[in-house]
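Colleague: Below you will find the structure I want to go over with you.
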Amino acid sequence: MTELNLIEQYAAAAPIAKWLGFSAQPDGDDIVFTLTFDERHIGNKLIGALHGGAIAAFLEFSAQAALSARLGGGQRIATVNCDVDYLRSARAQDMKARVRFIRIGRRLAFVEALGWQKDEASPVAAARFRFRLDDTEK
């Protein structure tokens, strides 16, 4: 099964993926994740900005889905900590993300996610995660 198929399978089992309008598309050898804009994602109605919590949830879920696929499924992934840097206001439109693996060990994985809207070179948010890996086959 391909990583994209595993990501789609992971997302299908998570209710938050539907709320986020989460999807994943291949981009060369990489995968780009999408948060499909919805009015429920707005935090500041005066300026029409996405809520920081929606952005953080999207980046975290993207990182979890990508990590699950990289590991081939069969492992529970629990967030140990996350650090999100909000770099600019996110407008009321779709958001994209790309995930990068820093290190994947037996018990912990260190992952980064970068989110942008119009231009990947102008990110909206950058996040770093540490995940605990538990083998579900024990």
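Chains: A, B, ... in order of the structure tokens. Residues: from 1 per chain. Ligands: from 1, in order shown.
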Go through segment 17-108 of chain A and collect every residue that DSSP, computed from the backbone, puts in alpha helix (DSSP H); the answer should be as a PyMOL selection string.

Modeller: chain A and resi 17-20+52-70

Colleague: Can you tell me, as a ChimeraX atom specification, which residues in segment 10-104 of chain A count as strand (DSSP E) by DSSP?

Modeller: /A:22-27,30-35,42-44,49-50,75-86,95-104

Colleague: Could you list, as number ranges by chain, every residue within 12 Å of Ala17 of chain A, counting only C-alpha atoms and ignoring same-chain residues fewer than 2 positions away?

Modeller: A: 7-15, 19-24, 33-36, 54, 57-62, 64-65

Colleague: Within 12 Å of Asp83 of chain A, counting only C-alpha atoms, which residues qualify if same-chain residues fewer than 6 places away don't, as a PyMOL selection string?

Modeller: chain A and resi 56-57+59-60+110-114+125-130

Colleague: Of the residues A:Ala63, A:Leu4, A:Ile102, A:Ala90, which is the one nearest to Pro26 of chain A, using only C-alpha atoms?

Modeller: A:Leu4

Colleague: Pick out the residues sitting within 12 Å of Ala49 of chain A, and hand them over as a list in words; count only C-alpha atoms, and ignore anything fewer than 2 positions along from it in its own chain.

Modeller: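 The filter keeps Phe37, Asp38, Glu39, Arg40, His41, Ile42, Gly43, Asn44, Lys45, Leu46, Ile47, His51, Gly52, Gly53, Ala54, Ile55, Arg88, Ser89, Ala90, Arg91, Ala92, Gln93, Asp94, Met95, Gln117 and Val124 of chain A.
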
Colleague: Write to file, as a PDB file, in the first residue's frame, the residues of the selection just made, with C-alpha atoms.

Modeller:
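The resulting file, selection.pdb, is reproduced below:
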```pdb
ATOM      1  CA  PHE A  37     -11.517  26.426   4.092  1.00  0.00           C
ATOM      2  CA  ASP A  38     -14.799  26.463   6.004  1.00  0.00           C
ATOM      3  CA  GLU A  39     -16.438  29.343   7.908  1.00  0.00           C
ATOM      4  CA  ARG A  40     -16.098  27.245  11.087  1.00  0.00           C
ATOM      5  CA  HIS A  41     -12.309  27.695  10.832  1.00  0.00           C
ATOM      6  CA  ILE A  42     -12.499  31.488  11.211  1.00  0.00           C
ATOM      7  CA  GLY A  43     -11.104  32.842  14.467  1.00  0.00           C
ATOM      8  CA  ASN A  44     -11.261  36.597  13.948  1.00  0.00           C
ATOM      9  CA  LYS A  45     -14.346  37.507  11.930  1.00  0.00           C
ATOM     10  CA  LEU A  46     -13.296  41.164  11.666  1.00  0.00           C
ATOM     11  CA  ILE A  47     -10.255  40.361   9.552  1.00  0.00           C
ATOM     12  CA  HIS A  51      -8.218  30.408  14.020  1.00  0.00           C
ATOM     13  CA  GLY A  52      -4.820  29.437  15.415  1.00  0.00           C
ATOM     14  CA  GLY A  53      -6.339  26.279  16.856  1.00  0.00           C
ATOM     15  CA  ALA A  54      -7.572  25.175  13.429  1.00  0.00           C
ATOM     16  CA  ILE A  55      -4.112  25.817  11.990  1.00  0.00           C
ATOM     17  CA  ARG A  88       1.552  35.739   9.594  1.00  0.00           C
ATOM     18  CA  SER A  89      -2.204  36.021   9.571  1.00  0.00           C
ATOM     19  CA  ALA A  90      -3.923  33.200   7.694  1.00  0.00           C
ATOM     20  CA  ARG A  91      -6.684  34.426   5.407  1.00  0.00           C
ATOM     21  CA  ALA A  92     -10.084  32.839   4.868  1.00  0.00           C
ATOM     22  CA  GLN A  93      -8.937  30.373   2.227  1.00  0.00           C
ATOM     23  CA  ASP A  94      -7.481  26.885   1.874  1.00  0.00           C
ATOM     24  CA  MET A  95      -4.178  26.147   3.533  1.00  0.00           C
ATOM     25  CA  GLN A 117      -1.566  29.614   1.647  1.00  0.00           C
ATOM     26  CA  VAL A 124       1.712  31.090   7.654  1.00  0.00           C
TER      27      VAL A 124
END
```

Colleague: Counting only C-alpha atoms, figure out which residue out of A:Asp85, A:Asp119, A:Asp134, A:Asp30 gets nearest to Ala66 of chain A.

Modeller: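 The answer is A:Asp30, which sits nearest to Ala66 of chain A.
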
Colleague: Calculate how many Å separate atom CA of Gly73 of chain A from atom CA of Arg98 of chain A, rounding to one decimal.

Modeller: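 Separation of atom CA of Gly73 of chain A and atom CA of Arg98 of chain A: 19.4 Å.
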
Colleague: Between A:Ser68, A:Ser122, A:Thr2, A:Gln25, which one has atoms that come closest to Phe101 of chain A, using only C-alpha atoms?

Modeller: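 Of the candidates, the smallest distance to Phe101 of chain A is held by A:Ser68.
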
Colleague: Work out how far apart atom CA of Glu120 of chain A and atom CA of Ile77 of chain A are and give it in Å to one decimal.

Modeller: 27.1 Å
